[in-house]
file entry_21.tsv (TSV, C-alpha atoms)
chain	number	residue	atom	x	y	z
A	1	MET	CA	12.88	3.32	-21.54
A	2	ALA	CA	14.00	6.70	-20.19
A	3	LYS	CA	13.92	7.12	-16.43
A	4	ARG	CA	11.43	9.55	-14.92
A	5	ASP	CA	12.49	12.54	-12.89
A	6	TYR	CA	12.98	11.44	-9.27
A	7	TYR	CA	11.07	14.44	-7.93
A	8	VAL	CA	8.13	13.56	-10.19
A	9	VAL	CA	8.29	9.92	-9.07
A	10	LEU	CA	7.85	10.93	-5.43
A	11	GLY	CA	5.52	13.83	-6.22
A	12	ILE	CA	7.60	16.49	-4.46
A	13	GLU	CA	9.16	19.86	-5.25
A	14	LYS	CA	12.92	20.22	-5.86
A	15	SER	CA	13.12	22.29	-2.68
A	16	ALA	CA	11.66	19.47	-0.55
A	17	ALA	CA	13.33	18.85	2.82
A	18	ILE	CA	14.44	15.39	3.93
A	19	ASP	CA	11.32	14.90	6.08
A	20	GLU	CA	9.11	15.61	3.07
A	21	ILE	CA	11.14	13.17	0.97
A	22	LYS	CA	10.78	10.45	3.59
A	23	LYS	CA	7.05	11.05	3.92
A	24	ALA	CA	6.53	10.99	0.13
A	25	TYR	CA	8.54	7.80	-0.30
A	26	ARG	CA	6.76	6.11	2.56
A	27	ALA	CA	3.38	6.87	0.96
A	28	LYS	CA	4.48	5.59	-2.45
A	29	ALA	CA	6.01	2.45	-1.00
A	30	ILE	CA	2.84	1.66	0.95
A	31	GLN	CA	0.71	2.30	-2.17
A	32	PHE	CA	2.74	0.04	-4.48
A	33	HIS	CA	3.87	-2.55	-1.93
A	34	PRO	CA	4.02	-6.02	-3.60
A	35	ASP	CA	1.99	-7.63	-0.82
A	36	LYS	CA	-0.81	-5.14	-1.41
A	37	ASN	CA	-0.58	-5.67	-5.19
A	38	PRO	CA	0.13	-9.40	-5.62
A	39	GLY	CA	1.18	-10.36	-9.15
A	40	ASN	CA	1.00	-6.74	-10.36
A	41	LYS	CA	4.25	-6.17	-12.28
A	42	GLU	CA	3.48	-2.49	-12.88
A	43	ALA	CA	3.06	-1.86	-9.14
A	44	GLU	CA	6.30	-3.75	-8.45
A	45	GLU	CA	8.21	-1.57	-10.93
A	46	LYS	CA	6.75	1.59	-9.37
A	47	PHE	CA	7.73	0.28	-5.94
A	48	LYS	CA	11.33	-0.15	-7.14
A	49	GLU	CA	11.24	3.21	-8.94
A	50	ALA	CA	10.20	4.97	-5.73
A	51	ALA	CA	12.99	3.22	-3.79
A	52	GLU	CA	15.54	4.29	-6.42
A	53	ALA	CA	14.33	7.89	-6.21
A	54	TYR	CA	14.49	7.89	-2.41
A	55	SER	CA	17.97	6.33	-2.35
A	56	VAL	CA	19.27	9.30	-4.34
A	57	LEU	CA	17.26	12.21	-2.96
A	58	SER	CA	17.76	11.18	0.67
A	59	ASP	CA	21.55	11.28	0.25
A	60	ASP	CA	22.91	14.86	0.19
A	61	GLN	CA	25.90	14.06	-2.02
A	62	LYS	CA	23.96	12.02	-4.57
A	63	ARG	CA	21.17	14.59	-4.61
A	64	LYS	CA	23.60	17.39	-5.45
A	65	ILE	CA	25.04	15.36	-8.34
A	66	TYR	CA	21.55	14.50	-9.58
A	67	ASP	CA	20.36	18.12	-9.37
A	68	GLN	CA	23.36	19.23	-11.44
A	69	PHE	CA	23.82	16.40	-13.93
A	70	GLY	CA	20.57	14.38	-13.83
A	71	HIS	CA	20.48	10.60	-14.28
A	72	GLU	CA	23.71	10.57	-16.30
A	73	GLY	CA	25.62	11.90	-13.31
A	74	LEU	CA	24.52	8.85	-11.29
A	75	SER	CA	25.32	6.21	-13.89
A	76	GLY	CA	28.14	4.88	-11.73
A	77	ALA	CA	25.87	4.62	-8.70
A	78	SER	CA	23.21	2.73	-10.59
A	79	GLN	CA	25.78	0.05	-11.35
A	80	GLY	CA	26.40	-0.28	-7.65
A	81	GLY	CA	22.94	-1.69	-6.96
A	82	TYR	CA	20.37	1.06	-7.49
A	83	GLY	CA	17.52	1.19	-9.92
A	84	GLY	CA	17.00	-1.88	-12.08
A	85	GLY	CA	19.67	-3.83	-10.18
A	86	MET	CA	18.10	-3.20	-6.78
A	87	THR	CA	16.34	-6.30	-5.46
A	88	MET	CA	13.29	-6.35	-3.22
A	89	ASP	CA	15.45	-7.67	-0.40
A	90	ASP	CA	17.85	-4.75	-0.84
A	91	ILE	CA	14.96	-2.28	-0.59
A	92	PHE	CA	13.53	-3.76	2.59
A	93	ALA	CA	16.97	-4.22	4.13
A	94	GLN	CA	18.02	-0.60	3.53
A	95	PHE	CA	14.75	1.29	3.89
A	96	GLY	CA	12.50	-1.08	5.85
A	97	ASP	CA	12.60	1.08	8.98
A	98	LEU	CA	10.59	3.74	7.14
A	99	PHE	CA	7.50	1.49	7.22
A	100	GLY	CA	7.25	1.35	11.01
A	101	GLY	CA	3.74	1.87	12.35
A	102	PHE	CA	1.94	0.85	9.16
A	103	GLY	CA	1.45	-2.79	10.11
A	104	SER	CA	2.78	-5.87	8.39
A	105	PHE	CA	2.41	-7.01	4.82
A	106	GLY	CA	2.65	-10.79	4.50
A	107	SER	CA	6.18	-12.13	4.43
A	108	PHE	CA	7.74	-8.69	4.93
A	109	SER	CA	6.35	-8.21	8.41
A	110	SER	CA	9.65	-7.59	10.20
A	111	PHE	CA	10.54	-4.30	8.54
A	112	GLY	CA	12.15	-2.77	11.59
A	113	SER	CA	13.77	-5.85	13.05
A	114	SER	CA	17.48	-6.54	12.95
A	115	GLN	CA	16.83	-10.07	11.73
A	116	ARG	CA	14.26	-10.48	8.99
A	117	GLN	CA	13.68	-14.09	8.07
A	118	SER	CA	11.57	-14.63	4.98
A	119	VAL	CA	8.44	-16.75	4.99
A	120	SER	CA	7.94	-19.15	2.10
A	121	ARG	CA	4.66	-19.35	0.22
A	122	GLY	CA	3.17	-22.25	-1.67
A	123	SER	CA	2.24	-21.85	-5.32
A	124	ASP	CA	-1.30	-21.15	-6.49
A	125	LEU	CA	-3.42	-23.73	-8.27
A	126	ARG	CA	-5.96	-23.09	-11.01
A	127	VAL	CA	-8.99	-25.27	-11.75
A	128	LYS	CA	-11.93	-24.85	-14.13
A	129	VAL	CA	-15.49	-25.46	-13.00
A	130	LYS	CA	-18.39	-25.81	-15.45
A	131	LEU	CA	-21.77	-24.42	-14.43
A	132	THR	CA	-25.20	-24.69	-15.99
A	133	LEU	CA	-27.37	-21.60	-16.41
A	134	LYS	CA	-29.59	-22.88	-13.62
A	135	GLU	CA	-26.60	-23.14	-11.25
A	136	ILE	CA	-25.54	-19.63	-12.25
A	137	ALA	CA	-29.06	-18.37	-11.59
A	138	THR	CA	-29.30	-19.80	-8.08
A	139	GLY	CA	-25.70	-20.17	-6.90
A	140	VAL	CA	-24.30	-23.60	-6.11
A	141	GLU	CA	-22.08	-25.59	-3.77
A	142	LYS	CA	-19.33	-27.53	-5.55
A	143	LYS	CA	-16.99	-30.30	-4.48
A	144	ILE	CA	-13.83	-30.93	-6.45
A	145	LYS	CA	-10.90	-33.28	-5.99
A	146	VAL	CA	-7.54	-31.53	-6.32
A	147	LYS	CA	-4.09	-33.08	-6.56
A	148	LYS	CA	-1.68	-30.79	-4.76
A	149	TYR	CA	1.18	-30.51	-2.27
A	150	VAL	CA	0.22	-30.87	1.39
A	151	PRO	CA	2.35	-30.78	4.56
A	152	CYS	CA	4.18	-34.05	5.19
A	153	ALA	CA	2.34	-36.00	7.90
A	154	LYS	CA	5.51	-37.65	9.19
A	155	CYS	CA	7.50	-34.48	9.92
A	156	HIS	CA	4.49	-32.12	10.17
A	157	GLY	CA	5.88	-30.03	7.33
A	158	SER	CA	9.24	-29.24	8.90
A	159	GLY	CA	11.27	-31.47	6.56
A	160	ALA	CA	13.30	-32.72	9.55
A	161	GLU	CA	13.35	-36.40	10.54
A	162	ASP	CA	13.54	-35.82	14.31
A	163	GLY	CA	11.75	-32.49	14.60
A	164	ASP	CA	13.72	-29.69	16.28
A	165	LYS	CA	16.60	-32.09	16.98
A	166	SER	CA	17.32	-32.21	13.24
A	167	ILE	CA	17.15	-28.44	12.72
A	168	ALA	CA	20.18	-26.20	13.21
A	169	THR	CA	21.05	-22.55	12.74
A	170	CYS	CA	22.23	-21.77	9.20
A	171	PRO	CA	26.04	-21.42	9.31
A	172	THR	CA	26.08	-19.02	6.36
A	173	CYS	CA	23.79	-16.30	7.74
A	174	LYS	CA	24.04	-17.28	11.43
A	175	GLY	CA	20.27	-17.53	11.63
A	176	SER	CA	19.46	-14.06	10.34
A	177	GLY	CA	18.07	-15.18	7.01
A	178	TYR	CA	20.17	-12.71	5.04
A	179	VAL	CA	23.77	-12.04	4.11
A	180	VAL	CA	25.54	-8.69	4.04
A	181	ARG	CA	27.64	-7.58	1.09
A	182	VAL	CA	29.86	-4.52	0.81
A	183	ALA	CA	30.42	-2.98	-2.62
A	184	ASN	CA	32.79	-0.17	-3.58
A	185	THR	CA	31.05	2.61	-5.52
A	186	VAL	CA	31.94	6.12	-6.64
A	187	PHE	CA	30.34	7.31	-3.41
A	188	GLY	CA	32.39	4.99	-1.23
A	189	GLN	CA	31.49	1.64	0.27
A	190	MET	CA	27.87	0.60	0.14
A	191	GLN	CA	26.38	-2.15	2.29
A	192	THR	CA	23.50	-4.28	1.02
A	193	ARG	CA	21.61	-7.23	2.46
A	194	SER	CA	20.07	-10.07	0.48
A	195	THR	CA	18.31	-13.35	1.22
A	196	CYS	CA	20.66	-16.13	2.26
A	197	SER	CA	20.94	-18.64	-0.60
A	198	SER	CA	21.92	-21.48	1.73
A	199	CYS	CA	18.71	-21.50	3.79
A	200	GLY	CA	16.39	-19.52	1.50
A	201	GLY	CA	15.91	-16.86	4.18
A	202	SER	CA	14.63	-19.19	6.91
A	203	GLY	CA	17.78	-18.90	9.00
A	204	LYS	CA	17.79	-22.67	9.60
A	205	THR	CA	19.19	-25.80	7.98
A	206	ILE	CA	18.17	-29.45	8.29
A	207	THR	CA	20.83	-31.83	9.56
A	208	LYS	CA	18.74	-34.98	9.06
A	209	LYS	CA	16.07	-34.92	6.36
A	210	CYS	CA	12.68	-36.58	6.69
A	211	THR	CA	12.65	-39.90	4.83
A	212	ALA	CA	9.05	-39.42	3.69
A	213	CYS	CA	9.39	-36.02	2.00
A	214	TYR	CA	13.21	-35.96	1.61
A	215	GLY	CA	13.48	-32.73	3.55
A	216	GLU	CA	10.95	-30.76	1.49
A	217	GLY	CA	8.23	-30.78	4.12
A	218	ILE	CA	5.53	-31.39	1.50
A	219	VAL	CA	4.17	-34.40	-0.36
A	220	GLN	CA	1.64	-34.82	-3.15
A	221	ALA	CA	-1.87	-35.91	-2.20
A	222	GLU	CA	-5.50	-35.54	-3.24
A	223	GLU	CA	-7.89	-33.33	-1.32
A	224	VAL	CA	-11.63	-32.82	-1.71
A	225	ILE	CA	-12.46	-29.12	-1.46
A	226	THR	CA	-15.98	-27.80	-0.95
A	227	PHE	CA	-16.87	-24.21	-1.81
A	228	ASN	CA	-19.86	-22.05	-2.70
A	229	LEU	CA	-20.22	-20.07	-5.91
A	230	PRO	CA	-22.54	-17.05	-5.76
A	231	ALA	CA	-25.42	-16.51	-8.16
A	232	GLY	CA	-24.68	-14.38	-11.23
A	233	VAL	CA	-21.11	-15.46	-11.95
A	234	ALA	CA	-20.00	-15.38	-15.58
A	235	GLU	CA	-17.62	-17.10	-17.98
A	236	GLY	CA	-13.98	-16.29	-17.18
A	237	MET	CA	-14.56	-15.03	-13.63
A	238	GLN	CA	-12.14	-16.25	-10.97
A	239	LEU	CA	-12.85	-17.12	-7.38
A	240	ALA	CA	-9.82	-17.21	-5.07
A	241	LEU	CA	-9.95	-19.73	-2.22
A	242	ASN	CA	-7.29	-18.48	0.17
A	243	GLY	CA	-4.92	-21.11	1.52
A	244	LYS	CA	-6.36	-23.93	-0.60
A	245	GLY	CA	-3.42	-24.07	-3.02
A	246	ASN	CA	-0.10	-25.88	-2.64
A	247	ALA	CA	1.49	-26.03	0.81
A	248	ALA	CA	4.78	-24.18	1.26
A	249	ARG	CA	8.06	-26.02	1.65
A	250	ARG	CA	9.02	-26.50	5.31
A	251	GLY	CA	6.11	-24.50	6.68
A	252	GLY	CA	4.95	-21.07	5.65
A	253	ILE	CA	1.87	-19.81	3.86
A	254	ASN	CA	-0.26	-21.98	1.60
A	255	GLY	CA	-0.96	-20.77	-1.91
A	256	ASP	CA	-4.47	-20.06	-3.18
A	257	LEU	CA	-6.81	-22.14	-5.30
A	258	LEU	CA	-8.12	-20.11	-8.22
A	259	VAL	CA	-11.48	-21.36	-9.50
A	260	VAL	CA	-12.15	-20.29	-13.11
A	261	ILE	CA	-15.80	-20.25	-14.18
A	262	GLU	CA	-16.90	-21.93	-17.40
A	263	GLU	CA	-20.50	-21.87	-18.65
A	264	GLU	CA	-22.15	-24.91	-20.18
A	265	ARG	CA	-24.17	-24.13	-23.27
A	266	HIS	CA	-27.91	-24.24	-22.76
A	267	PRO	CA	-29.76	-26.09	-25.54
A	268	GLU	CA	-32.25	-23.23	-26.05
A	269	LEU	CA	-31.16	-20.12	-24.14
A	270	ILE	CA	-28.30	-17.77	-24.95
A	271	ARG	CA	-26.75	-15.49	-22.32
A	272	GLN	CA	-26.12	-11.79	-22.96
A	273	ASP	CA	-24.73	-10.31	-19.75
A	274	ASN	CA	-27.61	-10.84	-17.30
A	275	ASP	CA	-30.25	-11.17	-20.02
A	276	LEU	CA	-31.25	-14.46	-21.62
A	277	VAL	CA	-32.27	-14.71	-25.28
A	278	TYR	CA	-34.64	-17.28	-26.75
A	279	ASN	CA	-35.42	-17.59	-30.46
A	280	LEU	CA	-39.15	-18.35	-30.85
A	281	LEU	CA	-39.88	-19.94	-34.22
A	282	LEU	CA	-43.51	-19.38	-35.29
A	283	THR	CA	-45.43	-20.95	-38.11
A	284	VAL	CA	-46.94	-18.61	-40.68
A	285	PRO	CA	-50.47	-19.12	-39.30
A	286	GLN	CA	-49.26	-18.43	-35.73
A	287	ALA	CA	-47.62	-15.19	-36.81
A	288	ILE	CA	-50.74	-14.15	-38.70
A	289	LEU	CA	-53.43	-15.23	-36.25
A	290	GLY	CA	-51.52	-14.93	-32.96
A	291	ASP	CA	-51.12	-17.62	-30.30
A	292	THR	CA	-50.19	-18.34	-26.67
A	293	ILE	CA	-46.94	-20.31	-26.51
A	294	GLU	CA	-44.75	-21.78	-23.75
A	295	VAL	CA	-41.11	-20.72	-23.78
A	296	PRO	CA	-38.22	-22.11	-21.69
A	297	THR	CA	-36.69	-20.25	-18.72
A	298	VAL	CA	-33.78	-21.25	-16.46
A	299	ASP	CA	-36.17	-22.79	-13.93
A	300	GLY	CA	-39.08	-24.09	-16.04
A	301	LYS	CA	-41.55	-22.68	-18.56
A	302	ALA	CA	-43.37	-19.40	-19.07
A	303	LYS	CA	-46.33	-18.53	-21.32
A	304	VAL	CA	-46.15	-15.64	-23.77
A	305	LYS	CA	-48.91	-14.20	-25.91
A	306	VAL	CA	-48.08	-13.61	-29.56
A	307	GLU	CA	-50.31	-10.90	-31.00
A	308	PRO	CA	-51.90	-11.36	-34.44
A	309	GLY	CA	-49.73	-9.96	-37.24
A	310	THR	CA	-46.47	-10.26	-35.28
A	311	GLN	CA	-43.54	-9.57	-37.58
A	312	PRO	CA	-40.23	-11.50	-37.73
A	313	GLY	CA	-37.54	-9.74	-35.72
A	314	LYS	CA	-39.90	-8.44	-33.06
A	315	VAL	CA	-38.57	-8.92	-29.51
A	316	LEU	CA	-40.82	-9.76	-26.58
A	317	ARG	CA	-39.49	-9.08	-23.08
A	318	LEU	CA	-40.25	-11.01	-19.89
A	319	ARG	CA	-39.04	-8.84	-17.00
A	320	SER	CA	-36.73	-10.36	-14.36
A	321	LYS	CA	-36.70	-13.78	-16.03
A	322	GLY	CA	-32.97	-13.54	-16.73
A	323	LEU	CA	-29.98	-14.01	-14.44
A	324	PRO	CA	-29.22	-12.18	-11.18
A	325	SER	CA	-26.50	-9.55	-11.01
A	326	ILE	CA	-23.53	-10.58	-8.90
A	327	ASN	CA	-23.07	-6.99	-7.69
A	328	SER	CA	-26.68	-6.03	-6.91
A	329	TYR	CA	-30.18	-7.33	-6.28
A	330	GLY	CA	-31.36	-6.83	-9.85
A	331	TYR	CA	-32.24	-9.47	-12.45
A	332	GLY	CA	-31.89	-9.49	-16.19
A	333	ASP	CA	-34.77	-10.15	-18.60
A	334	LEU	CA	-35.74	-12.97	-20.93
A	335	LEU	CA	-35.72	-11.60	-24.49
A	336	ILE	CA	-37.80	-13.57	-26.98
A	337	ASN	CA	-36.78	-13.01	-30.58
A	338	ILE	CA	-39.55	-13.78	-33.08
A	339	SER	CA	-38.70	-15.82	-36.17
A	340	VAL	CA	-41.17	-17.18	-38.71
A	341	TYR	CA	-40.75	-20.52	-40.43
A	342	ILE	CA	-41.42	-20.46	-44.17
A	343	PRO	CA	-42.21	-23.95	-45.55
A	344	GLU	CA	-39.79	-25.16	-48.19
A	345	LYS	CA	-42.27	-27.51	-49.85
A	346	LEU	CA	-46.06	-27.27	-50.45
A	347	SER	CA	-48.61	-29.63	-51.90
A	348	GLY	CA	-50.61	-28.65	-54.95
A	349	THR	CA	-53.64	-27.80	-52.86
A	350	GLU	CA	-51.55	-25.69	-50.48
A	351	LYS	CA	-50.02	-23.81	-53.38
A	352	GLU	CA	-53.47	-22.96	-54.76
A	353	LYS	CA	-54.57	-21.67	-51.35
A	354	MET	CA	-51.46	-19.52	-51.06
A	355	LYS	CA	-52.10	-18.03	-54.51
A	356	GLU	CA	-55.59	-17.10	-53.42
A	357	LEU	CA	-54.22	-15.44	-50.27
A	358	THR	CA	-51.55	-13.44	-52.09
A	359	ALA	CA	-54.25	-11.94	-54.27
A	360	SER	CA	-55.73	-10.33	-51.18
A	361	GLU	CA	-54.66	-6.76	-50.34
A	362	ASN	CA	-54.04	-7.81	-46.74
A	363	PHE	CA	-51.14	-9.96	-47.91
A	364	GLN	CA	-49.45	-7.07	-49.73
A	365	PRO	CA	-47.13	-4.90	-47.61
A	366	SER	CA	-48.07	-1.23	-47.50
A	367	GLN	CA	-45.60	1.53	-48.29
A	368	SER	CA	-45.21	2.36	-44.60
A	369	ILE	CA	-44.36	-1.28	-43.82
A	370	LYS	CA	-41.78	-1.30	-46.62
A	371	GLU	CA	-40.16	1.87	-45.27
A	372	LYS	CA	-40.12	0.48	-41.74
A	373	ILE	CA	-38.44	-2.76	-42.82
A	374	PHE	CA	-35.92	-0.86	-44.97
A	375	SER	CA	-35.07	1.39	-42.02
A	376	LYS	CA	-34.36	-1.65	-39.81
A	377	PHE	CA	-32.24	-3.19	-42.56
A	378	ARG	CA	-30.20	0.00	-42.94
A	379	ASP	CA	-29.66	0.23	-39.16
A	380	LEU	CA	-28.44	-3.37	-39.16
A	381	LEU	CA	-25.85	-2.63	-41.85
A	382	ASP	CA	-24.68	0.49	-40.04

call {"tool": "encode", "arguments": {"input": "entry_21.tsv", "output": "structure tokens"}}
result
Amino acid sequence: MAKRDYYVVLGIEKSAAIDEIKKAYRAKAIQFHPDKNPGNKEAEEKFKEAAEAYSVLSDDQKRKIYDQFGHEGLSGASQGGYGGGMTMDDIFAQFGDLFGGFGSFGSFSSFGSSQRQSVSRGSDLRVKVKLTLKEIATGVEKKIKVKKYVPCAKCHGSGAEDGDKSIATCPTCKGSGYVVRVANTVFGQMQTRSTCSSCGGSGKTITKKCTACYGEGIVQAEEVITFNLPAGVAEGMQLALNGKGNAARRGGINGDLLVVIEEERHPELIRQDNDLVYNLLLTVPQAILGDTIEVPTVDGKAKVKVEPGTQPGKVLRLRSKGLPSINSYGYGDLLINISVYIPEKLSGTEKEKMKELTASENFQPSQSIKEKIFSKFRDLLD
């Protein structure tokens, strides 16, 4: 995919001074920071794109080449670590001082420090929880048993057998958590910093590993987790329980537990957003003569009056007998769809009675009724 114009990326004019460039990049980096947009790949790419643009436009020599020759003129520089080859660690190492005064974002909290040790994070867990319509209508407290990684009780999550006595400064990065590399580019030598592969960015190594967790700092165990689900949740919604996921190796930040909502089918009610639908099956005499009938709701029964001459397909509405909205104080309705049962078999006597009834004008649909039914049929097909 073709690269966008660097000035467009940062939202500045070609005549922008260095202070304007810094300010624009700072705003973009804050907006698309990975800790503010967890798991958002598009935001991560825009974050890197903004860093690439700033790395060129903030350098007088590279900016002159770019202004004259465009992206092609910088093809050699991009091979030296810019653009798609620029890691998140490179960005924070080279431009982290620009974020000063905007607070910390998770594991990248030491933007301006000379030593930036990374903080590990445990992985997220995902569980599915089935709810009945009644539980969805009222909200519910749930308890689930989860098998996950927890801090090792023997070493308290450090991974070291004898605590601090078994922890030493990483010899590769000298405790900084990163290593410095110098690359030769068309613009001269370029210095980059990346996470130390020996210690994973912690700046420390374990000289004697814990015999219970083998130096990992975590072990598998089962935990009972209690949480509340609000009224009005729906199929597919996710609830994030912060810090209830897997523990991080050798300390750090726990992952999250993602609770995915599943709805159990109700034997009689069907959900449509916050409305509930019930199909009321009438006998022919009930439809003709009318009746008062009990219908199910999420919390019991309700009586509805069926008027004489009620036609199949008519919908009766019971206000606020549906489900609550998760975002407001409103409730959905209970929609009662009228169906009429036509007997498949009749006795001889019943057949004779029906023949007598069909001879009556009242059992013959009028032209207006025919037109009304045809109109509904046409709308259904459309």

call {"tool": "residues_around", "arguments": {"input": "entry_21.tsv", "residues": "Tyr6 in chain A", "least_positions_apart": "6", "cutoff": "10 Å", "atoms": "all atoms listed in the file", "output": "ChimeraX atom specification"}}
result
/A:12,14,49-57,63,66-67,70-71

call {"tool": "residues_around", "arguments": {"input": "entry_21.tsv", "residues": "Cys173 in chain A", "least_positions_apart": "4", "cutoff": "12 Å", "atoms": "all atoms listed in the file", "output": "PDB file with C-alpha atoms, in the coordinates of the input"}}
result
ATOM      1  CA  GLN A 115      16.830 -10.070  11.730  1.00  0.00           C
ATOM      2  CA  ARG A 116      14.260 -10.480   8.990  1.00  0.00           C
ATOM      3  CA  GLN A 117      13.680 -14.090   8.070  1.00  0.00           C
ATOM      4  CA  ALA A 168      20.180 -26.200  13.210  1.00  0.00           C
ATOM      5  CA  THR A 169      21.050 -22.550  12.740  1.00  0.00           C
ATOM      6  CA  GLY A 177      18.070 -15.180   7.010  1.00  0.00           C
ATOM      7  CA  TYR A 178      20.170 -12.710   5.040  1.00  0.00           C
ATOM      8  CA  VAL A 179      23.770 -12.040   4.110  1.00  0.00           C
ATOM      9  CA  VAL A 180      25.540  -8.690   4.040  1.00  0.00           C
ATOM     10  CA  ARG A 181      27.640  -7.580   1.090  1.00  0.00           C
ATOM     11  CA  ARG A 193      21.610  -7.230   2.460  1.00  0.00           C
ATOM     12  CA  SER A 194      20.070 -10.070   0.480  1.00  0.00           C
ATOM     13  CA  THR A 195      18.310 -13.350   1.220  1.00  0.00           C
ATOM     14  CA  CYS A 196      20.660 -16.130   2.260  1.00  0.00           C
ATOM     15  CA  SER A 197      20.940 -18.640  -0.600  1.00  0.00           C
ATOM     16  CA  SER A 198      21.920 -21.480   1.730  1.00  0.00           C
ATOM     17  CA  CYS A 199      18.710 -21.500   3.790  1.00  0.00           C
ATOM     18  CA  GLY A 200      16.390 -19.520   1.500  1.00  0.00           C
ATOM     19  CA  GLY A 201      15.910 -16.860   4.180  1.00  0.00           C
ATOM     20  CA  SER A 202      14.630 -19.190   6.910  1.00  0.00           C
ATOM     21  CA  GLY A 203      17.780 -18.900   9.000  1.00  0.00           C
ATOM     22  CA  LYS A 204      17.790 -22.670   9.600  1.00  0.00           C
ATOM     23  CA  THR A 205      19.190 -25.800   7.980  1.00  0.00           C
TER      24      THR A 205
END

call {"tool": "closest_residue", "arguments": {"input": "entry_21.tsv", "among": "A:Pro365, A:Gly122, A:Gly215, A:Gly309", "to": "Cys152 in chain A", "atoms": "only C-alpha atoms"}}
result
A:Gly215

call {"tool": "residues_around", "arguments": {"input": "entry_21.tsv", "residues": "range 132-141 of chain A", "least_positions_apart": "4", "cutoff": "7 Å", "atoms": "all atoms listed in the file", "output": "PyMOL selection string"}}
result
chain A and resi 227-233+263-264+266+298-299+323-324

call {"tool": "closest_residue", "arguments": {"input": "entry_21.tsv", "among": "A:Ala247, A:Leu257, A:Ile65, A:Ala359", "to": "Lys145 in chain A", "atoms": "all atoms listed in the file"}}
result
A:Leu257

call {"tool": "atom_distance", "arguments": {"input": "entry_21.tsv", "atom1": "CA of Ile293 in chain A", "atom2": "CA of Ile342 in chain A"}}
result
18.5 Å

call {"tool": "residues_around", "arguments": {"input": "entry_21.tsv", "residues": "Asp164 in chain A", "least_positions_apart": "5", "cutoff": "12 Å", "atoms": "all atoms listed in the file", "output": "ChimeraX atom specification"}}
result
/A:155-159,169,204-210

call {"tool": "write_last_selection", "arguments": {"input": "entry_21.tsv", "atoms": "C-alpha atoms", "output": "CSV table (one decimal), keeping the file's coordinate frame"}}
result
chain,number,residue,atom,x,y,z
A,155,CYS,CA,7.5,-34.5,9.9
A,156,HIS,CA,4.5,-32.1,10.2
A,157,GLY,CA,5.9,-30.0,7.3
A,158,SER,CA,9.2,-29.2,8.9
A,159,GLY,CA,11.3,-31.5,6.6
A,169,THR,CA,21.0,-22.6,12.7
A,204,LYS,CA,17.8,-22.7,9.6
A,205,THR,CA,19.2,-25.8,8.0
A,206,ILE,CA,18.2,-29.4,8.3
A,207,THR,CA,20.8,-31.8,9.6
A,208,LYS,CA,18.7,-35.0,9.1
A,209,LYS,CA,16.1,-34.9,6.4
A,210,CYS,CA,12.7,-36.6,6.7

call {"tool": "closest_residue", "arguments": {"input": "entry_21.tsv", "among": "A:Gln272, A:Gly217, A:Thr310, A:Gln364", "to": "Asp291 in chain A", "atoms": "all atoms listed in the file"}}
result
A:Thr310

call {"tool": "atom_distance", "arguments": {"input": "entry_21.tsv", "atom1": "CA of Pro308 in chain A", "atom2": "CA of Pro285 in chain A"}}
result
9.3 Å

call {"tool": "residues_around", "arguments": {"input": "entry_21.tsv", "residues": "Thr283 in chain A", "least_positions_apart": "4", "cutoff": "8 Å", "atoms": "only C-alpha atoms", "output": "MDAnalysis selection string"}}
result
chainID A and resid 287 340:342

call {"tool": "closest_atom_pairs", "arguments": {"input": "entry_21.tsv", "of": "range 250-364 of chain A", "to": "range 123-130 of chain A", "cutoff": "12 Å", "atoms": "all atoms listed in the file", "output": "Markdown table"}}
result
| residue | atom | partner | partner_atom | distance |
| --- | --- | --- | --- | --- |
| A:Gly252 | CA | A:Ser123 | CA | 11.3 |
| A:Ile253 | CA | A:Ser123 | CA | 9.4 |
| A:Asn254 | CA | A:Ser123 | CA | 7.4 |
| A:Gly255 | CA | A:Asp124 | CA | 4.6 |
| A:Asp256 | CA | A:Asp124 | CA | 4.7 |
| A:Leu257 | CA | A:Leu125 | CA | 4.8 |
| A:Leu258 | CA | A:Arg126 | CA | 4.6 |
| A:Val259 | CA | A:Val127 | CA | 5.2 |
| A:Val260 | CA | A:Lys128 | CA | 4.7 |
| A:Ile261 | CA | A:Val129 | CA | 5.4 |
| A:Glu262 | CA | A:Lys130 | CA | 4.6 |
| A:Glu263 | CA | A:Lys130 | CA | 5.5 |
| A:Glu264 | CA | A:Lys130 | CA | 6.1 |
| A:Arg265 | CA | A:Lys130 | CA | 9.9 |

call {"tool": "write_last_selection", "arguments": {"input": "entry_21.tsv", "atoms": "C-alpha atoms", "output": "PDB file, in the coordinates of the input"}}
result
ATOM      1  CA  GLY A 252       4.950 -21.070   5.650  1.00  0.00           C
ATOM      2  CA  ILE A 253       1.870 -19.810   3.860  1.00  0.00           C
ATOM      3  CA  ASN A 254      -0.260 -21.980   1.600  1.00  0.00           C
ATOM      4  CA  GLY A 255      -0.960 -20.770  -1.910  1.00  0.00           C
ATOM      5  CA  ASP A 256      -4.470 -20.060  -3.180  1.00  0.00           C
ATOM      6  CA  LEU A 257      -6.810 -22.140  -5.300  1.00  0.00           C
ATOM      7  CA  LEU A 258      -8.120 -20.110  -8.220  1.00  0.00           C
ATOM      8  CA  VAL A 259     -11.480 -21.360  -9.500  1.00  0.00           C
ATOM      9  CA  VAL A 260     -12.150 -20.290 -13.110  1.00  0.00           C
ATOM     10  CA  ILE A 261     -15.800 -20.250 -14.180  1.00  0.00           C
ATOM     11  CA  GLU A 262     -16.900 -21.930 -17.400  1.00  0.00           C
ATOM     12  CA  GLU A 263     -20.500 -21.870 -18.650  1.00  0.00           C
ATOM     13  CA  GLU A 264     -22.150 -24.910 -20.180  1.00  0.00           C
ATOM     14  CA  ARG A 265     -24.170 -24.130 -23.270  1.00  0.00           C
TER      15      ARG A 265
END
